[in-house]
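Enquirer: Input structure: model24.pdb, which contains PDB, C-alpha atoms.
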ATOM      1  CA  MET U   1     -62.581 -65.221   3.642
ATOM      2  CA  ALA U   2     -63.985 -65.834   0.194
ATOM      3  CA  TYR U   3     -64.958 -62.217  -0.458
ATOM      4  CA  SER U   4     -62.118 -60.716  -2.477
ATOM      5  CA  THR U   5     -63.223 -57.107  -1.977
ATOM      6  CA  LEU U   6     -64.173 -57.037   1.727
ATOM      7  CA  THR U   7     -62.154 -54.353   3.523
ATOM      8  CA  THR U   8     -64.056 -53.900   6.818
ATOM      9  CA  LEU U   9     -65.467 -56.535   9.157
ATOM     10  CA  LYS U  10     -67.262 -55.553  12.387
ATOM     11  CA  LEU U  11     -68.581 -58.185  14.782
ATOM     12  CA  PRO U  12     -69.499 -56.345  18.011
ATOM     13  CA  ASP U  13     -71.157 -58.179  20.913
ATOM     14  CA  CYS U  14     -71.348 -61.434  19.000
ATOM     15  CA  SER U  15     -69.713 -63.790  21.542
ATOM     16  CA  ILE U  16     -67.699 -65.658  18.951
ATOM     17  CA  GLY U  17     -65.241 -66.609  21.688
ATOM     18  CA  ASP U  18     -61.863 -68.196  21.129
ATOM     19  CA  ASN U  19     -63.111 -70.846  18.704
ATOM     20  CA  GLY U  20     -64.630 -68.290  16.369
ATOM     21  CA  THR U  21     -61.551 -66.106  16.705
ATOM     22  CA  GLN U  22     -59.282 -68.984  15.757
ATOM     23  CA  ALA U  23     -61.338 -69.566  12.602
ATOM     24  CA  LEU U  24     -61.087 -65.878  11.680
ATOM     25  CA  SER U  25     -57.362 -65.963  12.332
ATOM     26  CA  GLU U  26     -56.880 -68.760   9.835
ATOM     27  CA  ALA U  27     -58.649 -66.678   7.229
ATOM     28  CA  LEU U  28     -56.502 -63.640   8.017
ATOM     29  CA  LYS U  29     -53.402 -65.602   7.131
ATOM     30  CA  THR U  30     -54.441 -65.745   3.481
ATOM     31  CA  ASN U  31     -56.820 -62.784   3.101
ATOM     32  CA  SER U  32     -55.343 -59.850   1.209
ATOM     33  CA  THR U  33     -58.090 -57.194   1.283
ATOM     34  CA  LEU U  34     -59.327 -56.723   4.860
ATOM     35  CA  THR U  35     -57.997 -53.503   6.411
ATOM     36  CA  THR U  36     -60.295 -53.076   9.434
ATOM     37  CA  LEU U  37     -61.325 -55.756  11.923
ATOM     38  CA  GLU U  38     -63.470 -55.007  14.982
ATOM     39  CA  LEU U  39     -64.086 -57.766  17.519
ATOM     40  CA  CYS U  40     -65.439 -55.701  20.413
ATOM     41  CA  SER U  41     -66.938 -57.545  23.371
ATOM     42  CA  CYS U  42     -66.656 -60.964  21.760
ATOM     43  CA  SER U  43     -65.620 -63.068  24.792
ATOM     44  CA  ILE U  44     -62.082 -63.457  23.495
ATOM     45  CA  THR U  45     -59.429 -64.625  25.970
ATOM     46  CA  SER U  46     -55.689 -65.167  25.711
ATOM     47  CA  ASN U  47     -56.164 -68.222  23.477
ATOM     48  CA  GLY U  48     -58.009 -66.176  20.893
ATOM     49  CA  ALA U  49     -55.380 -63.460  21.113
ATOM     50  CA  GLN U  50     -52.672 -66.047  20.518
ATOM     51  CA  ALA U  51     -54.384 -67.180  17.319
ATOM     52  CA  LEU U  52     -54.775 -63.587  16.150
ATOM     53  CA  SER U  53     -51.114 -62.971  16.878
ATOM     54  CA  GLU U  54     -50.072 -65.799  14.570
ATOM     55  CA  ALA U  55     -52.257 -64.333  11.850
ATOM     56  CA  LEU U  56     -50.783 -60.847  12.253
ATOM     57  CA  LYS U  57     -47.299 -62.236  11.749
ATOM     58  CA  THR U  58     -48.155 -63.061   8.137
ATOM     59  CA  ASN U  59     -51.083 -60.765   7.272
ATOM     60  CA  SER U  60     -49.998 -57.736   5.260
ATOM     61  CA  THR U  61     -53.177 -55.692   4.794
ATOM     62  CA  LEU U  62     -54.866 -55.163   8.183
ATOM     63  CA  THR U  63     -54.319 -51.606   9.437
ATOM     64  CA  THR U  64     -56.970 -51.195  12.156
ATOM     65  CA  PHE U  65     -57.630 -53.811  14.821
ATOM     66  CA  ASN U  66     -60.165 -53.261  17.613
ATOM     67  CA  LEU U  67     -60.296 -55.781  20.471
ATOM     68  CA  GLN U  68     -61.834 -53.596  23.177
ATOM     69  CA  TYR U  69     -63.942 -55.101  25.946
ATOM     70  CA  ASN U  70     -62.522 -58.615  25.816
ATOM     71  CA  LYS U  71     -60.443 -60.567  28.344
ATOM     72  CA  ILE U  72     -57.141 -61.253  26.669
ATOM     73  CA  GLY U  73     -55.168 -60.438  29.840
ATOM     74  CA  ASP U  74     -51.394 -60.330  30.106
ATOM     75  CA  ASN U  75     -50.867 -63.530  28.138
ATOM     76  CA  GLY U  76     -52.943 -62.242  25.252
ATOM     77  CA  ALA U  77     -51.128 -58.903  25.268
ATOM     78  CA  GLN U  78     -47.791 -60.703  25.269
ATOM     79  CA  ALA U  79     -48.838 -62.766  22.259
ATOM     80  CA  LEU U  80     -49.955 -59.703  20.298
ATOM     81  CA  SER U  81     -46.708 -57.959  21.242
ATOM     82  CA  GLU U  82     -44.744 -60.684  19.504
ATOM     83  CA  ALA U  83     -46.750 -60.031  16.361
ATOM     84  CA  LEU U  84     -46.081 -56.295  16.569
ATOM     85  CA  LYS U  85     -42.361 -56.970  16.381
ATOM     86  CA  THR U  86     -42.719 -58.308  12.834
ATOM     87  CA  ASN U  87     -46.033 -56.916  11.532
ATOM     88  CA  SER U  88     -45.487 -53.937   9.225
ATOM     89  CA  THR U  89     -48.992 -52.772   8.341
ATOM     90  CA  LEU U  90     -51.028 -52.351  11.545
ATOM     91  CA  THR U  91     -51.419 -48.680  12.472
ATOM     92  CA  THR U  92     -54.205 -48.732  15.084
ATOM     93  CA  LEU U  93     -54.571 -51.190  17.957
ATOM     94  CA  ASN U  94     -57.395 -50.863  20.493
ATOM     95  CA  LEU U  95     -57.009 -52.994  23.620
ATOM     96  CA  GLN U  96     -59.323 -50.989  25.860
ATOM     97  CA  LYS U  97     -60.595 -52.852  28.934
ATOM     98  CA  ASN U  98     -58.867 -56.181  28.470
ATOM     99  CA  SER U  99     -57.559 -56.904  31.981
ATOM    100  CA  ILE U 100     -54.002 -56.101  30.907
ATOM    101  CA  GLY U 101     -51.517 -55.513  33.709
ATOM    102  CA  ASP U 102     -47.796 -55.308  34.287
ATOM    103  CA  ASN U 103     -46.565 -58.243  32.174
ATOM    104  CA  GLY U 104     -48.778 -57.335  29.251
ATOM    105  CA  VAL U 105     -47.738 -53.696  29.239
ATOM    106  CA  GLN U 106     -44.083 -54.623  29.608
ATOM    107  CA  ALA U 107     -44.394 -56.806  26.514
ATOM    108  CA  LEU U 108     -46.183 -54.116  24.514
ATOM    109  CA  SER U 109     -43.503 -51.625  25.527
ATOM    110  CA  GLU U 110     -40.768 -53.890  24.214
ATOM    111  CA  ALA U 111     -42.642 -54.264  20.945
ATOM    112  CA  LEU U 112     -42.945 -50.490  20.564
ATOM    113  CA  LYS U 113     -39.178 -50.185  20.681
ATOM    114  CA  SER U 114     -38.887 -51.995  17.357
ATOM    115  CA  ASN U 115     -42.300 -51.567  15.704
ATOM    116  CA  SER U 116     -42.280 -48.857  13.031
ATOM    117  CA  THR U 117     -45.890 -48.661  11.828
ATOM    118  CA  LEU U 118     -48.256 -48.432  14.826
ATOM    119  CA  THR U 119     -49.522 -44.872  15.260
ATOM    120  CA  THR U 120     -52.441 -45.297  17.696
ATOM    121  CA  LEU U 121     -52.577 -47.409  20.856
ATOM    122  CA  HIS U 122     -55.590 -47.576  23.175
ATOM    123  CA  LEU U 123     -54.945 -49.022  26.632
ATOM    124  CA  GLU U 124     -57.635 -47.260  28.644
ATOM    125  CA  TYR U 125     -59.472 -49.114  31.436
ATOM    126  CA  ASN U 126     -56.672 -51.586  32.034
ATOM    127  CA  GLN U 127     -54.552 -52.227  35.129
ATOM    128  CA  ILE U 128     -51.940 -49.611  34.330
ATOM    129  CA  GLY U 129     -50.110 -47.867  37.156
ATOM    130  CA  ASP U 130     -46.759 -46.165  37.594
ATOM    131  CA  ASN U 131     -44.648 -49.269  36.911
ATOM    132  CA  GLU U 132     -46.459 -49.973  33.665
ATOM    133  CA  VAL U 133     -46.244 -46.341  32.570
ATOM    134  CA  GLN U 134     -42.529 -46.288  33.259
ATOM    135  CA  ALA U 135     -42.115 -49.183  30.811
ATOM    136  CA  LEU U 136     -44.201 -47.390  28.173
ATOM    137  CA  SER U 137     -42.210 -44.211  28.762
ATOM    138  CA  GLU U 138     -38.956 -45.998  28.053
ATOM    139  CA  ALA U 139     -40.425 -47.168  24.755
ATOM    140  CA  LEU U 140     -41.554 -43.648  23.873
ATOM    141  CA  LYS U 141     -37.989 -42.410  24.168
ATOM    142  CA  THR U 142     -37.019 -44.428  21.087
ATOM    143  CA  ASN U 143     -40.300 -45.098  19.251
ATOM    144  CA  SER U 144     -40.695 -42.815  16.246
ATOM    145  CA  THR U 145     -44.163 -43.636  14.890
ATOM    146  CA  LEU U 146     -46.739 -43.606  17.706
ATOM    147  CA  THR U 147     -48.813 -40.432  17.595
ATOM    148  CA  THR U 148     -51.713 -41.257  19.952
ATOM    149  CA  LEU U 149     -51.583 -42.961  23.353
ATOM    150  CA  ASN U 150     -54.702 -43.334  25.499
ATOM    151  CA  LEU U 151     -54.209 -44.364  29.144
ATOM    152  CA  THR U 152     -57.586 -43.307  30.538
ATOM    153  CA  PHE U 153     -58.778 -44.765  33.858
ATOM    154  CA  GLY U 154     -55.630 -46.419  35.117
ATOM    155  CA  GLY U 155     -53.748 -46.050  38.377
ATOM    156  CA  ILE U 156     -51.190 -43.501  37.218
ATOM    157  CA  ARG U 157     -49.792 -41.251  39.920
ATOM    158  CA  GLU U 158     -47.011 -38.712  40.292
ATOM    159  CA  ASN U 159     -44.181 -41.117  39.461
ATOM    160  CA  GLY U 160     -45.905 -42.261  36.300
ATOM    161  CA  ALA U 161     -46.399 -38.659  35.192
ATOM    162  CA  GLN U 162     -42.728 -37.982  35.908
ATOM    163  CA  ALA U 163     -41.737 -40.907  33.687
ATOM    164  CA  LEU U 164     -43.976 -39.660  30.887
ATOM    165  CA  SER U 165     -42.474 -36.205  31.274
ATOM    166  CA  GLU U 166     -38.971 -37.541  30.725
ATOM    167  CA  ALA U 167     -40.195 -39.421  27.653
ATOM    168  CA  LEU U 168     -41.897 -36.347  26.193
ATOM    169  CA  LYS U 169     -38.668 -34.401  26.482
ATOM    170  CA  ARG U 170     -37.120 -36.811  23.979
ATOM    171  CA  ASN U 171     -40.051 -38.111  21.936
ATOM    172  CA  SER U 172     -40.722 -36.241  18.696
ATOM    173  CA  THR U 173     -43.784 -37.980  17.242
ATOM    174  CA  LEU U 174     -46.519 -38.247  19.909
ATOM    175  CA  THR U 175     -49.241 -35.682  19.256
ATOM    176  CA  THR U 176     -52.048 -36.876  21.564
ATOM    177  CA  LEU U 177     -51.719 -38.057  25.170
ATOM    178  CA  VAL U 178     -54.883 -38.938  27.076
ATOM    179  CA  LEU U 179     -54.579 -39.447  30.841
ATOM    180  CA  GLN U 180     -58.199 -38.973  31.904
ATOM    181  CA  VAL U 181     -59.297 -40.281  35.311
ATOM    182  CA  ASN U 182     -55.924 -40.987  36.889
ATOM    183  CA  SER U 183     -54.280 -39.564  40.010
ATOM    184  CA  ILE U 184     -51.243 -37.593  38.865
ATOM    185  CA  GLY U 185     -52.060 -34.677  41.204
ATOM    186  CA  ASN U 186     -50.360 -31.285  41.179
ATOM    187  CA  ASN U 187     -46.853 -32.793  41.266
ATOM    188  CA  GLY U 188     -47.621 -34.904  38.212
ATOM    189  CA  ALA U 189     -48.961 -31.845  36.403
ATOM    190  CA  GLN U 190     -45.823 -29.944  37.316
ATOM    191  CA  ALA U 191     -43.675 -32.715  35.859
ATOM    192  CA  LEU U 192     -45.620 -32.758  32.594
ATOM    193  CA  SER U 193     -45.386 -28.962  32.460
ATOM    194  CA  GLU U 194     -41.608 -29.179  32.423
ATOM    195  CA  ALA U 195     -41.855 -31.456  29.395
ATOM    196  CA  LEU U 196     -44.205 -29.039  27.619
ATOM    197  CA  LYS U 197     -41.517 -26.363  27.822
ATOM    198  CA  ILE U 198     -39.299 -28.567  25.651
ATOM    199  CA  ASN U 199     -41.585 -30.837  23.633
ATOM    200  CA  SER U 200     -42.487 -29.544  20.168
ATOM    201  CA  THR U 201     -44.917 -32.148  18.819
ATOM    202  CA  LEU U 202     -47.697 -32.725  21.384
ATOM    203  CA  THR U 203     -50.896 -30.994  20.280
ATOM    204  CA  THR U 204     -53.479 -32.555  22.631
ATOM    205  CA  LEU U 205     -53.085 -33.184  26.362
ATOM    206  CA  ASP U 206     -56.063 -34.555  28.284
ATOM    207  CA  LEU U 207     -55.684 -34.408  32.069
ATOM    208  CA  ARG U 208     -59.371 -34.451  32.939
ATOM    209  CA  LYS U 209     -60.161 -35.638  36.454
ATOM    210  CA  ASN U 210     -56.619 -35.834  37.790
ATOM    211  CA  SER U 211     -56.910 -33.588  40.857
ATOM    212  CA  ILE U 212     -54.137 -31.268  39.667
ATOM    213  CA  GLY U 213     -55.556 -28.310  41.630
ATOM    214  CA  ASN U 214     -54.435 -24.684  41.469
ATOM    215  CA  ASN U 215     -50.748 -25.545  41.764
ATOM    216  CA  GLY U 216     -50.951 -27.886  38.809
ATOM    217  CA  ALA U 217     -52.790 -25.248  36.796
ATOM    218  CA  GLN U 218     -50.121 -22.711  37.739
ATOM    219  CA  ALA U 219     -47.380 -25.013  36.460
ATOM    220  CA  LEU U 220     -49.207 -25.647  33.198
ATOM    221  CA  SER U 221     -49.706 -21.919  32.841
ATOM    222  CA  GLU U 222     -45.953 -21.335  32.945
ATOM    223  CA  ALA U 223     -45.486 -23.998  30.270
ATOM    224  CA  LEU U 224     -48.146 -22.450  28.027
ATOM    225  CA  LYS U 225     -46.224 -19.172  28.020
ATOM    226  CA  THR U 226     -43.455 -20.793  26.006
ATOM    227  CA  ASN U 227     -45.025 -23.894  24.395
ATOM    228  CA  SER U 228     -45.884 -23.328  20.746
ATOM    229  CA  THR U 229     -47.526 -26.584  19.644
ATOM    230  CA  LEU U 230     -50.284 -27.533  22.119
ATOM    231  CA  THR U 231     -53.718 -26.747  20.682
ATOM    232  CA  THR U 232     -56.044 -28.660  23.047
ATOM    233  CA  LEU U 233     -55.799 -28.804  26.845
ATOM    234  CA  ASP U 234     -58.471 -30.619  28.865
ATOM    235  CA  LEU U 235     -58.464 -29.808  32.585
ATOM    236  CA  GLY U 236     -62.084 -30.669  33.305
ATOM    237  CA  ASP U 237     -62.990 -31.809  36.827
ATOM    238  CA  SER U 238     -59.481 -31.094  38.119
ATOM    239  CA  LYS U 239     -60.180 -29.201  41.376
ATOM    240  CA  ILE U 240     -59.109 -25.888  39.890
ATOM    241  CA  GLY U 241     -60.367 -22.711  41.538
ATOM    242  CA  ASP U 242     -60.024 -18.993  40.863
ATOM    243  CA  HIS U 243     -56.270 -18.948  41.487
ATOM    244  CA  GLY U 244     -55.731 -21.644  38.890
ATOM    245  CA  ALA U 245     -57.996 -19.889  36.402
ATOM    246  CA  GLN U 246     -56.158 -16.618  36.981
ATOM    247  CA  ALA U 247     -52.820 -18.299  36.309
ATOM    248  CA  LEU U 248     -54.105 -19.841  33.084
ATOM    249  CA  SER U 249     -55.491 -16.470  32.066
ATOM    250  CA  GLU U 250     -52.030 -14.917  32.295
ATOM    251  CA  ALA U 251     -50.743 -17.600  29.934
ATOM    252  CA  LEU U 252     -53.580 -16.973  27.467
ATOM    253  CA  LYS U 253     -52.457 -13.365  27.116
ATOM    254  CA  THR U 254     -49.250 -14.490  25.404
ATOM    255  CA  ASN U 255     -49.923 -18.026  24.153
ATOM    256  CA  SER U 256     -50.636 -18.096  20.417
ATOM    257  CA  THR U 257     -51.401 -21.748  19.661
ATOM    258  CA  LEU U 258     -54.013 -23.065  22.128
ATOM    259  CA  THR U 259     -57.437 -23.290  20.486
ATOM    260  CA  THR U 260     -59.409 -25.395  23.003
ATOM    261  CA  LEU U 261     -59.374 -25.107  26.797
ATOM    262  CA  ASN U 262     -61.686 -27.309  28.844
ATOM    263  CA  LEU U 263     -62.252 -26.155  32.434
ATOM    264  CA  HIS U 264     -65.675 -27.676  32.996
ATOM    265  CA  CYS U 265     -66.727 -28.997  36.405
ATOM    266  CA  ASN U 266     -64.164 -27.022  38.412
ATOM    267  CA  SER U 267     -64.536 -24.573  41.302
ATOM    268  CA  ILE U 268     -64.084 -21.432  39.252
ATOM    269  CA  GLU U 269     -66.103 -18.436  40.446
ATOM    270  CA  PHE U 270     -66.410 -14.784  39.425
ATOM    271  CA  ASN U 271     -62.764 -13.811  39.969
ATOM    272  CA  GLY U 272     -61.603 -16.648  37.741
ATOM    273  CA  ALA U 273     -64.151 -15.736  35.070
ATOM    274  CA  GLN U 274     -63.097 -12.088  35.283
ATOM    275  CA  ALA U 275     -59.463 -13.045  34.715
ATOM    276  CA  LEU U 276     -60.357 -15.241  31.763
ATOM    277  CA  SER U 277     -62.432 -12.444  30.237
ATOM    278  CA  GLU U 278     -59.461 -10.056  30.449
ATOM    279  CA  ALA U 279     -57.270 -12.628  28.710
ATOM    280  CA  LEU U 280     -59.817 -13.103  25.934
ATOM    281  CA  LYS U 281     -59.667  -9.406  25.105
ATOM    282  CA  THR U 282     -56.143  -9.892  23.770
ATOM    283  CA  ASN U 283     -55.909 -13.612  22.963
ATOM    284  CA  SER U 284     -56.388 -14.265  19.242
ATOM    285  CA  THR U 285     -56.237 -18.046  18.932
ATOM    286  CA  LEU U 286     -58.604 -19.640  21.496
ATOM    287  CA  THR U 287     -61.814 -20.778  19.804
ATOM    288  CA  THR U 288     -63.398 -23.024  22.460
ATOM    289  CA  LEU U 289     -63.678 -22.421  26.215
ATOM    290  CA  ASP U 290     -65.687 -24.864  28.325
ATOM    291  CA  LEU U 291     -66.771 -23.614  31.758
ATOM    292  CA  ARG U 292     -69.806 -25.821  32.264
ATOM    293  CA  ILE U 293     -70.729 -26.811  35.820
ATOM    294  CA  SER U 294     -68.742 -24.002  37.417
ATOM    295  CA  SER U 295     -69.803 -21.224  39.776
ATOM    296  CA  ILE U 296     -69.031 -18.148  37.701
ATOM    297  CA  GLY U 297     -72.581 -16.817  38.164
ATOM    298  CA  LEU U 298     -74.360 -14.152  36.144
ATOM    299  CA  ASN U 299     -71.608 -11.590  36.715
ATOM    300  CA  GLY U 300     -68.961 -13.997  35.470
ATOM    301  CA  SER U 301     -71.051 -14.834  32.430
ATOM    302  CA  HIS U 302     -71.534 -11.153  31.741
ATOM    303  CA  ALA U 303     -67.800 -10.460  31.971
ATOM    304  CA  LEU U 304     -67.041 -13.222  29.485
ATOM    305  CA  SER U 305     -69.753 -12.015  27.142
ATOM    306  CA  GLU U 306     -68.325  -8.521  27.223
ATOM    307  CA  ALA U 307     -64.915  -9.878  26.304
ATOM    308  CA  LEU U 308     -66.408 -11.350  23.142
ATOM    309  CA  LYS U 309     -67.178  -7.854  21.902
ATOM    310  CA  THR U 310     -63.482  -7.039  21.586
ATOM    311  CA  ASN U 311     -62.048 -10.507  20.911
ATOM    312  CA  SER U 312     -61.095 -10.834  17.247
ATOM    313  CA  THR U 313     -61.514 -14.607  17.085
ATOM    314  CA  PRO U 314     -64.925 -16.318  17.101
ATOM    315  CA  VAL U 315     -65.012 -18.118  20.475
ATOM    316  CA  SER U 316     -67.436 -20.889  21.402
ATOM    317  CA  PHE U 317     -68.416 -20.657  25.088
ATOM    318  CA  ASP U 318     -70.006 -23.331  27.217
ATOM    319  CA  PHE U 319     -70.954 -22.026  30.670
TER     320      PHE U 319
END
Can the structure from this file be put into structure tokens for me?
Expert:
Amino acid sequence: MAYSTLTTLKLPDCSIGDNGTQALSEALKTNSTLTTLELCSCSITSNGAQALSEALKTNSTLTTFNLQYNKIGDNGAQALSEALKTNSTLTTLNLQKNSIGDNGVQALSEALKSNSTLTTLHLEYNQIGDNEVQALSEALKTNSTLTTLNLTFGGIRENGAQALSEALKRNSTLTTLVLQVNSIGNNGAQALSEALKINSTLTTLDLRKNSIGNNGAQALSEALKTNSTLTTLDLGDSKIGDHGAQALSEALKTNSTLTTLNLHCNSIEFNGAQALSEALKTNSTLTTLDLRISSIGLNGSHALSEALKTNSTPVSFDF
């Protein structure tokens, strides 16, 4: 790379393939200015990832690396994991939708046990189930730098959520955990709720579309009564009805940290809306409540609107 001031290089949808990636990797070995490299949807396989791994072992300036929508697979993930064990500058790694499965995640987990700079890891839309999450959870128990972990659209079920719960009880750095579109169910939500009673760093928990139901909402409600760090909770499309909304409402009466609650696309009707409106009359921290695509009706909307007249905090409603 001849440009001595270039800091960002983005090559989306360019089909450079492994040959082009190998050429870029050679340049990365000597370049000392590039901090951001995006190679999204570039037809890169494990061979290209191997070349990039060798570059990352010596490069000392790259901080953000985006490889989403490629096909590096387990072998590519294993190669990059080796680089993470020695690289000391990379803070963000995006491996979204790269056909990574058990072996790749196991390797990344091992790297996280020793890596001390990575803060953000995207693994959404990969082949990640309970076994893979258990490996990541073990890493989270000792890792002290990762703050954001995205595991959207995997195959995570109750056991995976239980493993993450145990990790969150010990981890003291993770602030954002995204588990959208998995299958943790109400038991998984209950497990994570137990962690929330102890954890003091997580600020964002995204459980959208996880079929947690009313029982899961009830468990989270109990956690919210004592948790003092969570600010954003996404429970959209989670099969929550009035009973779940009523339970969450009880928590909102005492919780003093939650600012955003997403309940869109659930089965909440008037009784749930009525309970939420009563909670909003005393809650002083919630600023965003999403009830889109629910069945609260005109009466439910009216009840929530009335609550706004006494609520002391400006609240943004979507319903």
Enquirer: Would you kindly translate the PyMOL selection byres ((chain U and resi 90) around 6) into the concrete residues it picks from this file, as a list in words?
Expert: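 That selection, the PyMOL selection byres ((chain U and resi 90) around 6), comes back as Leu62, Thr63, Thr89, Thr91, Thr92 and Leu118 of chain U.
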Enquirer: Please, what distance in Å, to one decimal, runs between atom CA of U:Asn199 and atom CA of U:Gly185?
Expert: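 We find that atom CA of U:Asn199 and atom CA of U:Gly185 lie 20.8 Å from each other.
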Enquirer: Check which residues of stretch 185-226 of chain U sit at most 10 Å from stretch 231-255 of chain U using only C-alpha atoms, and return one row each with the closest pair of atoms and their distance in Å to one decimal, ordered by chain and rising number, as a tab-separated table.
Expert:
residue	atom	partner	partner_atom	distance
U:Gly185	CA	U:Ser238	CA	8.8
U:Asn186	CA	U:Ser238	CA	9.6
U:Leu202	CA	U:Thr231	CA	8.5
U:Thr203	CA	U:Thr231	CA	5.1
U:Thr204	CA	U:Thr232	CA	4.7
U:Leu205	CA	U:Leu233	CA	5.2
U:Asp206	CA	U:Asp234	CA	4.7
U:Leu207	CA	U:Leu235	CA	5.4
U:Arg208	CA	U:Gly236	CA	4.7
U:Lys209	CA	U:Asp237	CA	4.8
U:Asn210	CA	U:Ser238	CA	5.5
U:Ser211	CA	U:Ser238	CA	4.5
U:Ile212	CA	U:Ser238	CA	5.6
U:Gly213	CA	U:Ile240	CA	4.6
U:Asn214	CA	U:Gly244	CA	4.2
U:Asn215	CA	U:Gly244	CA	7.0
U:Gly216	CA	U:Gly244	CA	7.9
U:Ala217	CA	U:Gly244	CA	5.1
U:Gln218	CA	U:Ala247	CA	5.4
U:Ala219	CA	U:Ala247	CA	8.6
U:Leu220	CA	U:Leu248	CA	7.6
U:Ser221	CA	U:Leu248	CA	4.9
U:Glu222	CA	U:Ala251	CA	6.8
U:Ala223	CA	U:Ala251	CA	8.3
U:Leu224	CA	U:Ala251	CA	5.8
U:Lys225	CA	U:Ala251	CA	5.2
U:Thr226	CA	U:Asn255	CA	7.3
Enquirer: Just want the 10 Å neighbourhood of U:Ser172, counted on only C-alpha atoms, with same-chain residues fewer than 4 positions away dropped. Output as a ChimeraX atom specification.
Expert: /U:140-147,167-168,199-202
Enquirer: Suppose you want the space between atom CA of U:Ala307 and atom CA of U:Ala189; what is it in Å?
Expert: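 Atom-to-atom, atom CA of U:Ala307 and atom CA of U:Ala189 are spaced 29.0 Å apart.
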Enquirer: Applied to this file, what does the PyMOL selection byres ((chain U and resi 289-306) around 12) return in terms of residues, put as a PDB file with C-alpha atoms, in the frame of the given file?
Expert:
ATOM      1  CA  THR U 232     -56.044 -28.660  23.047  1.00  0.00           C
ATOM      2  CA  LEU U 233     -55.799 -28.804  26.845  1.00  0.00           C
ATOM      3  CA  ASP U 234     -58.471 -30.619  28.865  1.00  0.00           C
ATOM      4  CA  LEU U 235     -58.464 -29.808  32.585  1.00  0.00           C
ATOM      5  CA  GLY U 236     -62.084 -30.669  33.305  1.00  0.00           C
ATOM      6  CA  ASP U 237     -62.990 -31.809  36.827  1.00  0.00           C
ATOM      7  CA  SER U 238     -59.481 -31.094  38.119  1.00  0.00           C
ATOM      8  CA  LYS U 239     -60.180 -29.201  41.376  1.00  0.00           C
ATOM      9  CA  ILE U 240     -59.109 -25.888  39.890  1.00  0.00           C
ATOM     10  CA  GLY U 241     -60.367 -22.711  41.538  1.00  0.00           C
ATOM     11  CA  ASP U 242     -60.024 -18.993  40.863  1.00  0.00           C
ATOM     12  CA  ALA U 245     -57.996 -19.889  36.402  1.00  0.00           C
ATOM     13  CA  SER U 249     -55.491 -16.470  32.066  1.00  0.00           C
ATOM     14  CA  LEU U 252     -53.580 -16.973  27.467  1.00  0.00           C
ATOM     15  CA  LEU U 258     -54.013 -23.065  22.128  1.00  0.00           C
ATOM     16  CA  THR U 259     -57.437 -23.290  20.486  1.00  0.00           C
ATOM     17  CA  THR U 260     -59.409 -25.395  23.003  1.00  0.00           C
ATOM     18  CA  LEU U 261     -59.374 -25.107  26.797  1.00  0.00           C
ATOM     19  CA  ASN U 262     -61.686 -27.309  28.844  1.00  0.00           C
ATOM     20  CA  LEU U 263     -62.252 -26.155  32.434  1.00  0.00           C
ATOM     21  CA  HIS U 264     -65.675 -27.676  32.996  1.00  0.00           C
ATOM     22  CA  CYS U 265     -66.727 -28.997  36.405  1.00  0.00           C
ATOM     23  CA  ASN U 266     -64.164 -27.022  38.412  1.00  0.00           C
ATOM     24  CA  SER U 267     -64.536 -24.573  41.302  1.00  0.00           C
ATOM     25  CA  ILE U 268     -64.084 -21.432  39.252  1.00  0.00           C
ATOM     26  CA  GLU U 269     -66.103 -18.436  40.446  1.00  0.00           C
ATOM     27  CA  PHE U 270     -66.410 -14.784  39.425  1.00  0.00           C
ATOM     28  CA  ASN U 271     -62.764 -13.811  39.969  1.00  0.00           C
ATOM     29  CA  GLY U 272     -61.603 -16.648  37.741  1.00  0.00           C
ATOM     30  CA  ALA U 273     -64.151 -15.736  35.070  1.00  0.00           C
ATOM     31  CA  GLN U 274     -63.097 -12.088  35.283  1.00  0.00           C
ATOM     32  CA  ALA U 275     -59.463 -13.045  34.715  1.00  0.00           C
ATOM     33  CA  LEU U 276     -60.357 -15.241  31.763  1.00  0.00           C
ATOM     34  CA  SER U 277     -62.432 -12.444  30.237  1.00  0.00           C
ATOM     35  CA  GLU U 278     -59.461 -10.056  30.449  1.00  0.00           C
ATOM     36  CA  ALA U 279     -57.270 -12.628  28.710  1.00  0.00           C
ATOM     37  CA  LEU U 280     -59.817 -13.103  25.934  1.00  0.00           C
ATOM     38  CA  LYS U 281     -59.667  -9.406  25.105  1.00  0.00           C
ATOM     39  CA  THR U 285     -56.237 -18.046  18.932  1.00  0.00           C
ATOM     40  CA  LEU U 286     -58.604 -19.640  21.496  1.00  0.00           C
ATOM     41  CA  THR U 287     -61.814 -20.778  19.804  1.00  0.00           C
ATOM     42  CA  THR U 288     -63.398 -23.024  22.460  1.00  0.00           C
ATOM     43  CA  ALA U 307     -64.915  -9.878  26.304  1.00  0.00           C
ATOM     44  CA  LEU U 308     -66.408 -11.350  23.142  1.00  0.00           C
ATOM     45  CA  LYS U 309     -67.178  -7.854  21.902  1.00  0.00           C
ATOM     46  CA  THR U 310     -63.482  -7.039  21.586  1.00  0.00           C
ATOM     47  CA  ASN U 311     -62.048 -10.507  20.911  1.00  0.00           C
ATOM     48  CA  PRO U 314     -64.925 -16.318  17.101  1.00  0.00           C
ATOM     49  CA  VAL U 315     -65.012 -18.118  20.475  1.00  0.00           C
ATOM     50  CA  SER U 316     -67.436 -20.889  21.402  1.00  0.00           C
ATOM     51  CA  PHE U 317     -68.416 -20.657  25.088  1.00  0.00           C
ATOM     52  CA  ASP U 318     -70.006 -23.331  27.217  1.00  0.00           C
ATOM     53  CA  PHE U 319     -70.954 -22.026  30.670  1.00  0.00           C
TER      54      PHE U 319
END
Enquirer: Mind giving me the straight-line distance from atom CA of U:Asn227 to atom CA of U:Leu93 in Å, one decimal?
Expert: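 According to the coordinates, atom CA of U:Asn227 and atom CA of U:Leu93 are separated by 29.6 Å.
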